[in-house]
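Structure file input_28.cif with mmCIF, C-alpha atoms:
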data_model
#
loop_
_atom_site.group_PDB
_atom_site.id
_atom_site.type_symbol
_atom_site.label_atom_id
_atom_site.label_comp_id
_atom_site.auth_asym_id
_atom_site.auth_seq_id
_atom_site.Cartn_x
_atom_site.Cartn_y
_atom_site.Cartn_z
ATOM 1 C CA MET A 1 114.949 92.569 -20.995
ATOM 2 C CA ARG A 2 112.840 93.147 -24.089
ATOM 3 C CA THR A 3 113.095 96.917 -24.462
ATOM 4 C CA VAL A 4 110.434 99.286 -25.812
ATOM 5 C CA HIS A 5 110.998 100.057 -29.499
ATOM 6 C CA ALA A 6 108.513 102.944 -29.572
ATOM 7 C CA LEU A 7 105.249 104.292 -28.159
ATOM 8 C CA HIS A 8 102.502 104.983 -30.689
ATOM 9 C CA PRO A 9 99.489 107.152 -29.763
ATOM 10 C CA ALA A 10 96.221 105.882 -31.239
ATOM 11 C CA HIS A 11 94.876 108.354 -33.794
ATOM 12 C CA ARG A 12 91.199 109.129 -33.460
ATOM 13 C CA ASP A 13 89.051 108.345 -36.484
ATOM 14 C CA ASP A 14 85.380 108.244 -35.443
ATOM 15 C CA ILE A 15 82.955 106.162 -37.507
ATOM 16 C CA ALA A 16 79.470 107.741 -37.495
ATOM 17 C CA ASP A 17 78.426 107.883 -33.785
ATOM 18 C CA LEU A 18 81.168 105.476 -32.739
ATOM 19 C CA VAL A 19 84.256 106.855 -30.968
ATOM 20 C CA THR A 20 87.158 105.071 -32.660
ATOM 21 C CA ARG A 21 90.895 105.143 -32.012
ATOM 22 C CA ARG A 22 93.269 103.213 -34.249
ATOM 23 C CA PRO A 23 96.669 102.347 -32.778
ATOM 24 C CA LEU A 24 97.573 100.029 -35.675
ATOM 25 C CA PRO A 25 98.371 100.865 -38.389
ATOM 26 C CA GLY A 26 99.144 104.457 -37.544
ATOM 27 C CA PRO A 27 101.025 107.424 -39.008
ATOM 28 C CA ARG A 28 104.364 106.098 -37.749
ATOM 29 C CA LEU A 29 103.510 102.419 -37.295
ATOM 30 C CA PRO A 30 102.886 100.035 -40.207
ATOM 31 C CA GLN A 31 101.422 96.563 -39.821
ATOM 32 C CA VAL A 32 103.434 94.479 -37.346
ATOM 33 C CA ASP A 33 103.498 90.858 -38.499
ATOM 34 C CA PRO A 34 101.300 88.917 -37.632
ATOM 35 C CA PHE A 35 99.074 91.721 -36.212
ATOM 36 C CA LEU A 36 97.713 93.801 -39.060
ATOM 37 C CA PHE A 37 95.035 96.094 -37.654
ATOM 38 C CA LEU A 38 93.762 97.230 -34.248
ATOM 39 C CA ASN A 39 90.686 99.379 -33.559
ATOM 40 C CA HIS A 40 89.672 100.556 -30.078
ATOM 41 C CA HIS A 41 86.009 101.634 -30.016
ATOM 42 C CA GLY A 42 84.821 103.757 -27.091
ATOM 43 C CA PRO A 43 84.615 104.071 -24.189
ATOM 44 C CA GLN A 44 81.370 105.953 -24.622
ATOM 45 C CA VAL A 45 77.757 105.917 -23.479
ATOM 46 C CA TYR A 46 75.100 105.390 -26.133
ATOM 47 C CA PRO A 47 71.755 107.157 -25.578
ATOM 48 C CA PRO A 48 68.461 105.222 -25.581
ATOM 49 C CA ASN A 49 67.017 104.441 -29.020
ATOM 50 C CA ASN A 50 70.395 104.957 -30.670
ATOM 51 C CA ARG A 51 71.341 104.174 -34.267
ATOM 52 C CA GLY A 52 73.655 101.343 -33.232
ATOM 53 C CA LEU A 53 76.963 100.298 -34.739
ATOM 54 C CA PRO A 54 77.814 101.333 -38.310
ATOM 55 C CA PHE A 55 79.112 97.930 -39.416
ATOM 56 C CA GLY A 56 76.707 96.666 -42.068
ATOM 57 C CA PRO A 57 77.444 93.683 -44.340
ATOM 58 C CA HIS A 58 81.097 93.624 -45.402
ATOM 59 C CA PRO A 59 83.422 90.893 -46.736
ATOM 60 C CA HIS A 60 86.534 89.307 -45.216
ATOM 61 C CA ARG A 61 89.107 86.894 -46.615
ATOM 62 C CA GLY A 62 92.550 85.663 -45.582
ATOM 63 C CA PHE A 63 92.802 86.528 -41.891
ATOM 64 C CA GLU A 64 91.121 86.344 -38.459
ATOM 65 C CA THR A 65 89.264 89.003 -36.479
ATOM 66 C CA VAL A 66 89.334 88.988 -32.681
ATOM 67 C CA THR A 67 86.578 91.071 -31.067
ATOM 68 C CA ILE A 68 86.811 91.780 -27.323
ATOM 69 C CA ALA A 69 83.755 93.335 -25.652
ATOM 70 C CA TYR A 70 84.856 95.294 -22.581
ATOM 71 C CA LYS A 71 81.494 97.044 -22.131
ATOM 72 C CA GLY A 72 78.169 96.522 -23.869
ATOM 73 C CA ARG A 73 76.922 93.755 -26.160
ATOM 74 C CA VAL A 74 77.404 93.175 -29.879
ATOM 75 C CA GLU A 75 75.256 90.992 -32.134
ATOM 76 C CA HIS A 76 76.594 89.589 -35.403
ATOM 77 C CA HIS A 77 75.443 87.568 -38.426
ATOM 78 C CA ASP A 78 77.189 86.200 -41.499
ATOM 79 C CA SER A 79 76.376 84.920 -44.979
ATOM 80 C CA ARG A 80 76.843 81.289 -43.930
ATOM 81 C CA GLY A 81 74.098 81.386 -41.325
ATOM 82 C CA GLY A 82 76.339 81.961 -38.316
ATOM 83 C CA GLY A 83 75.654 84.554 -35.655
ATOM 84 C CA GLY A 84 75.223 85.281 -31.990
ATOM 85 C CA ILE A 85 75.811 87.846 -29.253
ATOM 86 C CA ILE A 86 79.176 88.851 -27.826
ATOM 87 C CA GLY A 87 78.406 89.737 -24.216
ATOM 88 C CA GLU A 88 80.339 92.024 -21.920
ATOM 89 C CA GLY A 89 83.765 90.531 -21.195
ATOM 90 C CA ASP A 90 83.435 87.924 -23.956
ATOM 91 C CA VAL A 91 85.552 87.361 -27.068
ATOM 92 C CA GLN A 92 84.684 86.294 -30.596
ATOM 93 C CA TRP A 93 87.533 84.822 -32.626
ATOM 94 C CA MET A 94 86.416 84.675 -36.259
ATOM 95 C CA THR A 95 88.447 82.876 -38.899
ATOM 96 C CA ALA A 96 87.383 84.522 -42.164
ATOM 97 C CA GLY A 97 89.545 82.142 -44.190
ATOM 98 C CA SER A 98 88.204 81.613 -47.706
ATOM 99 C CA GLY A 99 85.644 84.364 -47.258
ATOM 100 C CA LEU A 100 82.249 85.429 -45.971
ATOM 101 C CA LEU A 101 80.065 88.466 -45.480
ATOM 102 C CA HIS A 102 79.692 89.665 -41.905
ATOM 103 C CA LYS A 103 77.846 92.402 -40.008
ATOM 104 C CA GLU A 104 78.029 93.597 -36.412
ATOM 105 C CA PHE A 105 75.428 95.679 -34.609
ATOM 106 C CA HIS A 106 73.978 96.470 -31.182
ATOM 107 C CA GLU A 107 71.602 93.766 -30.086
ATOM 108 C CA GLN A 108 67.993 94.937 -29.743
ATOM 109 C CA GLU A 109 68.023 95.746 -26.020
ATOM 110 C CA ALA A 110 71.251 97.755 -26.336
ATOM 111 C CA ASN A 111 69.662 99.796 -29.130
ATOM 112 C CA ARG A 112 66.568 100.486 -27.058
ATOM 113 C CA GLU A 113 68.172 101.147 -23.674
ATOM 114 C CA GLY A 114 71.589 102.510 -24.640
ATOM 115 C CA GLY A 115 74.442 102.364 -22.127
ATOM 116 C CA PRO A 116 78.235 102.053 -21.871
ATOM 117 C CA PHE A 117 80.117 100.619 -24.840
ATOM 118 C CA GLN A 118 83.763 99.712 -25.385
ATOM 119 C CA MET A 119 85.347 97.069 -27.572
ATOM 120 C CA VAL A 120 88.570 96.235 -29.383
ATOM 121 C CA GLN A 121 88.983 94.444 -32.692
ATOM 122 C CA LEU A 122 92.323 92.941 -33.693
ATOM 123 C CA TRP A 123 93.178 91.402 -37.082
ATOM 124 C CA VAL A 124 95.548 88.429 -36.984
ATOM 125 C CA ASN A 125 97.083 87.301 -40.269
ATOM 126 C CA LEU A 126 96.773 83.721 -41.518
ATOM 127 C CA PRO A 127 99.736 81.918 -43.087
ATOM 128 C CA ALA A 128 99.570 81.398 -46.856
ATOM 129 C CA LYS A 129 98.759 77.697 -46.500
ATOM 130 C CA ASP A 130 95.690 78.480 -44.354
ATOM 131 C CA LYS A 131 94.273 81.599 -46.021
ATOM 132 C CA MET A 132 91.570 79.607 -47.833
ATOM 133 C CA THR A 133 90.577 77.521 -44.825
ATOM 134 C CA GLU A 134 86.885 77.042 -44.049
ATOM 135 C CA PRO A 135 85.460 80.013 -42.088
ATOM 136 C CA LYS A 136 84.623 79.356 -38.431
ATOM 137 C CA TYR A 137 83.947 81.045 -35.094
ATOM 138 C CA GLN A 138 85.282 80.561 -31.610
ATOM 139 C CA ALA A 139 82.796 82.070 -29.166
ATOM 140 C CA ILE A 140 84.710 82.510 -25.908
ATOM 141 C CA THR A 141 82.766 83.579 -22.841
ATOM 142 C CA ASN A 142 84.534 85.460 -20.083
ATOM 143 C CA ALA A 143 84.017 82.491 -17.759
ATOM 144 C CA GLU A 144 85.951 80.219 -20.139
ATOM 145 C CA MET A 145 89.129 82.306 -20.156
ATOM 146 C CA GLY A 146 92.223 81.174 -18.324
ATOM 147 C CA ARG A 147 92.899 83.224 -15.202
ATOM 148 C CA VAL A 148 95.892 84.021 -13.024
ATOM 149 C CA LYS A 149 95.201 86.116 -9.916
ATOM 150 C CA LEU A 150 97.515 88.982 -9.017
ATOM 151 C CA PRO A 151 98.557 89.916 -5.450
ATOM 152 C CA LEU A 152 96.532 93.140 -5.074
ATOM 153 C CA GLY A 153 93.268 91.832 -6.540
ATOM 154 C CA GLY A 154 93.903 92.151 -10.265
ATOM 155 C CA GLU A 155 94.132 89.273 -12.707
ATOM 156 C CA VAL A 156 95.444 88.157 -16.068
ATOM 157 C CA GLU A 157 92.739 86.862 -18.446
ATOM 158 C CA ILE A 158 94.305 84.496 -20.961
ATOM 159 C CA ILE A 159 92.421 84.435 -24.268
ATOM 160 C CA ALA A 160 95.081 82.626 -26.309
ATOM 161 C CA GLY A 161 98.482 81.188 -25.535
ATOM 162 C CA GLU A 162 99.760 80.588 -22.021
ATOM 163 C CA PHE A 163 100.766 82.515 -18.895
ATOM 164 C CA GLU A 164 102.349 80.902 -15.822
ATOM 165 C CA GLY A 165 101.208 77.476 -16.975
ATOM 166 C CA VAL A 166 97.576 78.527 -17.518
ATOM 167 C CA LYS A 167 96.325 78.226 -21.098
ATOM 168 C CA GLY A 168 93.695 80.260 -22.907
ATOM 169 C CA PRO A 169 90.786 78.586 -24.737
ATOM 170 C CA ALA A 170 91.386 80.019 -28.240
ATOM 171 C CA THR A 171 93.048 77.847 -30.868
ATOM 172 C CA THR A 172 95.396 79.600 -33.294
ATOM 173 C CA PHE A 173 97.034 78.721 -36.604
ATOM 174 C CA THR A 174 100.412 80.061 -35.474
ATOM 175 C CA PRO A 175 101.753 80.766 -31.959
ATOM 176 C CA VAL A 176 99.849 83.756 -30.497
ATOM 177 C CA HIS A 177 99.547 84.996 -26.906
ATOM 178 C CA LEU A 178 96.643 87.333 -26.187
ATOM 179 C CA TYR A 179 95.782 88.508 -22.647
ATOM 180 C CA ASN A 180 93.816 91.137 -20.794
ATOM 181 C CA LEU A 181 95.941 92.453 -17.941
ATOM 182 C CA LYS A 182 93.406 93.795 -15.434
ATOM 183 C CA MET A 183 95.666 95.348 -12.823
ATOM 184 C CA LYS A 184 95.265 97.296 -9.613
ATOM 185 C CA GLN A 185 97.417 100.348 -8.927
ATOM 186 C CA GLY A 186 100.942 99.266 -7.972
ATOM 187 C CA GLU A 187 100.651 95.706 -9.267
ATOM 188 C CA THR A 188 103.503 94.353 -11.370
ATOM 189 C CA VAL A 189 103.440 91.550 -13.958
ATOM 190 C CA GLU A 190 106.534 89.835 -15.339
ATOM 191 C CA LEU A 191 106.057 88.501 -18.888
ATOM 192 C CA SER A 192 108.307 86.421 -21.126
ATOM 193 C CA TYR A 193 108.062 85.526 -24.825
ATOM 194 C CA SER A 194 110.305 83.806 -27.336
ATOM 195 C CA GLU A 195 112.957 86.022 -28.863
ATOM 196 C CA GLY A 196 111.873 87.169 -32.314
ATOM 197 C CA TYR A 197 108.154 87.357 -31.484
ATOM 198 C CA THR A 198 106.268 90.577 -32.232
ATOM 199 C CA THR A 199 105.056 91.907 -28.862
ATOM 200 C CA ALA A 200 102.887 94.945 -28.116
ATOM 201 C CA LEU A 201 100.792 96.342 -25.253
ATOM 202 C CA LEU A 202 97.746 98.617 -25.594
ATOM 203 C CA ALA A 203 96.618 100.815 -22.694
ATOM 204 C CA VAL A 204 92.836 100.269 -22.902
ATOM 205 C CA GLU A 205 92.263 101.931 -19.535
ATOM 206 C CA GLY A 206 94.800 103.556 -17.236
ATOM 207 C CA SER A 207 98.579 103.730 -17.642
ATOM 208 C CA ALA A 208 101.719 101.736 -16.880
ATOM 209 C CA LEU A 209 105.430 101.879 -16.275
ATOM 210 C CA LEU A 210 107.269 99.481 -18.577
ATOM 211 C CA ASN A 211 110.545 97.858 -17.484
ATOM 212 C CA GLY A 212 110.764 100.353 -14.629
ATOM 213 C CA SER A 213 111.482 103.329 -16.887
ATOM 214 C CA GLU A 214 109.121 103.898 -19.856
ATOM 215 C CA LYS A 215 105.636 105.315 -19.199
ATOM 216 C CA LEU A 216 102.760 103.932 -21.286
ATOM 217 C CA PRO A 217 99.909 106.503 -21.317
ATOM 218 C CA LEU A 218 96.241 105.774 -21.963
ATOM 219 C CA ASN A 219 95.355 105.067 -25.614
ATOM 220 C CA ASN A 220 98.964 104.356 -26.527
ATOM 221 C CA LEU A 221 100.438 101.183 -27.994
ATOM 222 C CA ALA A 222 103.897 100.103 -26.860
ATOM 223 C CA LEU A 223 105.775 98.075 -29.467
ATOM 224 C CA PHE A 224 108.684 96.099 -28.042
ATOM 225 C CA GLU A 225 111.952 95.121 -29.697
ATOM 226 C CA ARG A 226 112.150 91.520 -30.906
ATOM 227 C CA GLU A 227 115.445 90.975 -29.097
ATOM 228 C CA GLY A 228 115.264 89.713 -25.527
ATOM 229 C CA GLU A 229 112.496 87.793 -23.813
ATOM 230 C CA GLU A 230 111.307 89.336 -20.537
ATOM 231 C CA LEU A 231 109.382 92.535 -19.884
ATOM 232 C CA ARG A 232 107.776 94.111 -16.827
ATOM 233 C CA VAL A 233 104.461 95.978 -16.578
ATOM 234 C CA GLU A 234 103.624 98.077 -13.483
ATOM 235 C CA ALA A 235 100.157 99.642 -13.263
ATOM 236 C CA LEU A 236 100.320 103.312 -12.276
ATOM 237 C CA GLU A 237 96.558 103.262 -11.531
ATOM 238 C CA ASP A 238 93.760 100.711 -11.795
ATOM 239 C CA SER A 239 94.179 99.728 -15.443
ATOM 240 C CA THR A 240 93.375 97.334 -18.275
ATOM 241 C CA PHE A 241 95.965 96.452 -20.907
ATOM 242 C CA LEU A 242 95.706 94.241 -23.993
ATOM 243 C CA LEU A 243 98.871 92.206 -24.460
ATOM 244 C CA MET A 244 99.607 90.571 -27.821
ATOM 245 C CA SER A 245 102.644 88.524 -28.769
ATOM 246 C CA GLY A 246 103.000 86.292 -31.790
ATOM 247 C CA GLU A 247 105.429 84.567 -34.100
ATOM 248 C CA PRO A 248 105.918 86.583 -37.318
ATOM 249 C CA LEU A 249 104.871 84.826 -40.542
ATOM 250 C CA ASN A 250 107.571 86.541 -42.616
ATOM 251 C CA GLU A 251 105.417 86.247 -45.745
ATOM 252 C CA PRO A 252 104.483 88.921 -48.297
ATOM 253 C CA ILE A 253 101.302 90.879 -47.546
ATOM 254 C CA ALA A 254 98.867 92.128 -50.176
ATOM 255 C CA GLN A 255 95.870 94.062 -48.871
ATOM 256 C CA TYR A 256 92.820 95.664 -50.376
ATOM 257 C CA GLY A 257 90.379 96.796 -47.679
ATOM 258 C CA PRO A 258 89.066 93.684 -45.889
ATOM 259 C CA PHE A 259 91.008 91.246 -48.120
ATOM 260 C CA LEU A 260 94.438 90.162 -46.833
ATOM 261 C CA MET A 261 96.360 87.828 -49.113
ATOM 262 C CA ASN A 262 99.959 87.275 -50.276
ATOM 263 C CA THR A 263 99.829 88.503 -53.884
ATOM 264 C CA GLN A 264 97.944 91.080 -55.952
ATOM 265 C CA ALA A 265 96.654 88.229 -58.129
ATOM 266 C CA GLU A 266 95.011 86.708 -55.035
ATOM 267 C CA ILE A 267 93.486 90.090 -54.188
ATOM 268 C CA ALA A 268 92.064 90.346 -57.702
ATOM 269 C CA GLN A 269 90.612 86.845 -57.318
ATOM 270 C CA ALA A 270 89.057 87.767 -53.950
ATOM 271 C CA ILE A 271 87.378 90.840 -55.468
ATOM 272 C CA ASP A 272 86.089 88.784 -58.400
ATOM 273 C CA ASP A 273 84.751 86.043 -56.095
ATOM 274 C CA TYR A 274 83.005 88.656 -53.959
ATOM 275 C CA GLN A 275 81.430 90.356 -56.958
ATOM 276 C CA GLN A 276 80.202 87.002 -58.290
ATOM 277 C CA GLY A 277 78.456 86.238 -55.003
ATOM 278 C CA LYS A 278 80.777 83.425 -53.926
ATOM 279 C CA PHE A 279 80.933 84.897 -50.409
ATOM 280 C CA GLY A 280 77.177 84.439 -50.124
ATOM 281 C CA TYR A 281 74.573 87.099 -49.429
ATOM 282 C CA LEU A 282 73.600 89.039 -46.317
ATOM 283 C CA ASN A 283 70.985 91.739 -45.859
#
Please, can you express the file's structure as structure tokens?
Amino acid sequence: MRTVHALHPAHRDDIADLVTRRPLPGPRLPQVDPFLFLNHHGPQVYPPNNRGLPFGPHPHRGFETVTIAYKGRVEHHDSRGGGGIIGEGDVQWMTAGSGLLHKEFHEQEANREGGPFQMVQLWVNLPAKDKMTEPKYQAITNAEMGRVKLPLGGEVEIIAGEFEGVKGPATTFTPVHLYNLKMKQGETVELSYSEGYTTALLAVEGSALLNGSEKLPLNNLALFEREGEELRVEALEDSTFLLMSGEPLNEPIAQYGPFLMNTQAEIAQAIDDYQQGKFGYLN
């Protein structure tokens, strides 16, 4: 069995009106190659005529952002003319690559009407050889995800990678498995990943028993040891978990805010390119 290395409670760090919990990185948990950052926004209910999300134009370079909308809708635009709406249950997989400016906000109806909101954003590192790749989006609707039904009415939604022979629609630069485990109380899922992969499980809603012994409470991230392959998740109530497993890059990491490169010289170049307008412009 792949045993639990540690449980890490998400620390709350609200951004304006947005309820935000950050499981990764945390006070006791640094970046876990290749997963560098994880924000869980909500759950909350926005009032009518709200101020919307506080994510105005900001740059990215050298990694990918994966945005999962559990409740509500998010609109986005970038400095290369891209944009769209991430609907409830959908995923946007953005490869920032060589760099762009990006903003995310409530779409107009969500601002006017308000309503439930909950989303997760995960940063996945790019290998050195691909950090300057051309930016792109993968817009993945909920209907496009791979699905495996569970015995009591739950299901596994496969965003990337594979589970029980069913593949997810996302393409990745390195091997990554990313699933939503939507489980009914008492359901059990057996999972298996290559030894050496970084594997973690976030309790988005509800709680679980891991490997028959370790309880995973709500808003906690379980980080597993890299030794072993199999692990077991039992839902203690109707629950949703985000499962991530990926092959480590084992490359140096240099970070300055939303720039993730391999050396400080590359960070300095990213800042210079941004200041010179090479990422484009976005109001």
Polymer residues at most 9 Å from Ala235 (chain A), all atoms listed in the file, same-chain spacing of 6 or more positions, as a tab-separated table (two decimals) with C-alpha atoms, keeping the file's coordinate frame:
chain	number	residue	atom	x	y	z
A	183	MET	CA	95.67	95.35	-12.82
A	184	LYS	CA	95.26	97.30	-9.61
A	185	GLN	CA	97.42	100.35	-8.93
A	186	GLY	CA	100.94	99.27	-7.97
A	187	GLU	CA	100.65	95.71	-9.27
A	188	THR	CA	103.50	94.35	-11.37
A	189	VAL	CA	103.44	91.55	-13.96
A	206	GLY	CA	94.80	103.56	-17.24
A	207	SER	CA	98.58	103.73	-17.64
A	208	ALA	CA	101.72	101.74	-16.88
A	209	LEU	CA	105.43	101.88	-16.27
A	210	LEU	CA	107.27	99.48	-18.58
Polymer residues at most 6 Å from region 29-46 of chain A, all atoms listed in the file, same-chain spacing of 6 or more positions, as a VMD selection string
chain A and resid 19 to 22 114 to 125 248
Which residue is closest to Asn50 (chain A)? Choose from A:Leu181, A:Leu282, A:Ile158, A:Ala110 and count all atoms listed in the file.
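Distance minimum relative to Asn50 (chain A) lands on A:Ala110.
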Take the PyMOL selection byres ((chain A and resi 49) around 7), apply it to the structure above, and return the hits as a PyMOL selection string.
chain A and resi 47-48+50-51+111-114
The PyMOL selection byres ((chain A and resi 27) around 12) - which residues does that actually catch in the file I just gave you? List them as number ranges by chain.
A: 8-12, 22-26, 28-31
I'd like to see the residues matched by the PyMOL selection byres ((chain A and resi 80) around 9) on this file, and ideally I'd get them as a compact mmCIF listing (two decimals) with C-alpha atoms, in the coordinates of the input.
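What follows is the written file part-v1.txt:
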# COMPACT_ATOMS: atom_id res chain seq x y z
CA HIS A 77 75.44 87.57 -38.43
CA ASP A 78 77.19 86.20 -41.50
CA SER A 79 76.38 84.92 -44.98
CA GLY A 81 74.10 81.39 -41.32
CA GLY A 82 76.34 81.96 -38.32
CA GLY A 83 75.65 84.55 -35.66
CA LEU A 100 82.25 85.43 -45.97
CA LEU A 101 80.06 88.47 -45.48
CA PRO A 135 85.46 80.01 -42.09
CA PHE A 279 80.93 84.90 -50.41
CA GLY A 280 77.18 84.44 -50.12
CA TYR A 281 74.57 87.10 -49.43
CA LEU A 282 73.60 89.04 -46.32
Could you list, as a ChimeraX atom specification, every residue within 9 Å of region 126-130 of chain A, counting all atoms listed in the file and ignoring same-chain residues fewer than 6 positions away?
/A:34,62-64,95,97-98,173-174,249,251,260-262
Counting all atoms listed in the file, the residue of A:Thr172, A:Asn142, A:Gln108, A:Gln276 that sits nearest Thr65 (chain A):
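Smallest distance to Thr65 (chain A) is found for A:Thr172.
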Edge lengths and centre in Å to one decimal, as JSON, is what I'm after for the box along x, y and z that holds all listed atoms of region 148-158 of chain A once 4 Å is added on each side.
{"center_x": 95.6, "center_y": 88.6, "center_z": -13.0, "size_x": 13.8, "size_y": 17.1, "size_z": 23.9}
Out of A:His58, A:His177, A:Lys131, A:His5, which residue has the shortest atom-to-atom distance to Glu227 (chain A) when counting all atoms listed in the file?
A:His5
What does the structure give for the distance between CA of Glu234 (chain A) and CA of Gly246 (chain A), in Å to one decimal?
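These atoms are spaced 21.8 Å apart.
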Which residue gives the smallest distance to Pro169 (chain A) among A:Tyr193, A:Trp93, A:Phe224, A:Phe259, with only C-alpha atoms counted?
A:Trp93
Which polymer residues have any atom within 12 Å of an atom of Gly165 (chain A), counting all atoms listed in the file, with same-chain residues fewer than 2 positions away left out, as a short mmCIF file (atom, residue, chain, number, x, y, z; two decimals) with C-alpha atoms, in the frame of the given file?
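Writing the result to out-v1.cif gives the following:
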data_model
loop_
_atom_site.label_atom_id
_atom_site.label_comp_id
_atom_site.auth_asym_id
_atom_site.auth_seq_id
_atom_site.Cartn_x
_atom_site.Cartn_y
_atom_site.Cartn_z
CA GLY A 146 92.22 81.17 -18.32
CA ARG A 147 92.90 83.22 -15.20
CA VAL A 148 95.89 84.02 -13.02
CA ILE A 158 94.30 84.50 -20.96
CA GLY A 161 98.48 81.19 -25.54
CA GLU A 162 99.76 80.59 -22.02
CA PHE A 163 100.77 82.52 -18.90
CA LYS A 167 96.32 78.23 -21.10
CA GLY A 168 93.70 80.26 -22.91
#
Length of the CA of Glu157 (chain A) to CA of Leu191 (chain A) vector [Å]:
13.4 Å
Please report the interatomic distance between CA of Leu53 (chain A) and CA of Ile85 (chain A) in Å with one decimal.
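It comes out at 13.7 Å.
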Write out as an NGL selection string each polymer residue whose atoms come within 7 Å of Phe105 (chain A), counting all atoms listed in the file; drop sequence neighbours fewer than 5 positions from it.
:A and (52-53 or 55 or 74-76)
Proximity to Ser213 (chain A) - best of A:Thr3, A:Thr198, A:Thr67, A:Gln138, all atoms listed in the file
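The shortest atom-to-atom distance to Ser213 (chain A) comes from A:Thr3.
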Give me, as a Markdown table, the closest atom pair and its distance (Å, one decimal) for every residue of region 192-261 of chain A within a cut-off of 12 Å of region 153-156 of chain A, counting all atoms listed in the file, rows sorted by chain and rising number.
| residue | atom | partner | partner_atom | distance |
| --- | --- | --- | --- | --- |
| A:Val233 | CA | A:Val156 | CA | 11.9 |
| A:Glu234 | CA | A:Gly154 | CA | 11.8 |
| A:Ala235 | CA | A:Gly154 | CA | 10.2 |
| A:Glu237 | CA | A:Gly154 | CA | 11.5 |
| A:Asp238 | CA | A:Gly154 | CA | 8.7 |
| A:Ser239 | CA | A:Gly154 | CA | 9.2 |
| A:Thr240 | CA | A:Gly154 | CA | 9.6 |
| A:Phe241 | CA | A:Val156 | CA | 9.6 |
| A:Leu242 | CA | A:Val156 | CA | 10.0 |
| A:Leu243 | CA | A:Val156 | CA | 9.9 |
Using only C-alpha atoms, find the one residue out of A:Pro57, A:Ala69, A:Leu236, A:Met132 that sits nearest to Ala270 (chain A).
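Answer, going by the shortest atom-to-atom distance: A:Met132.
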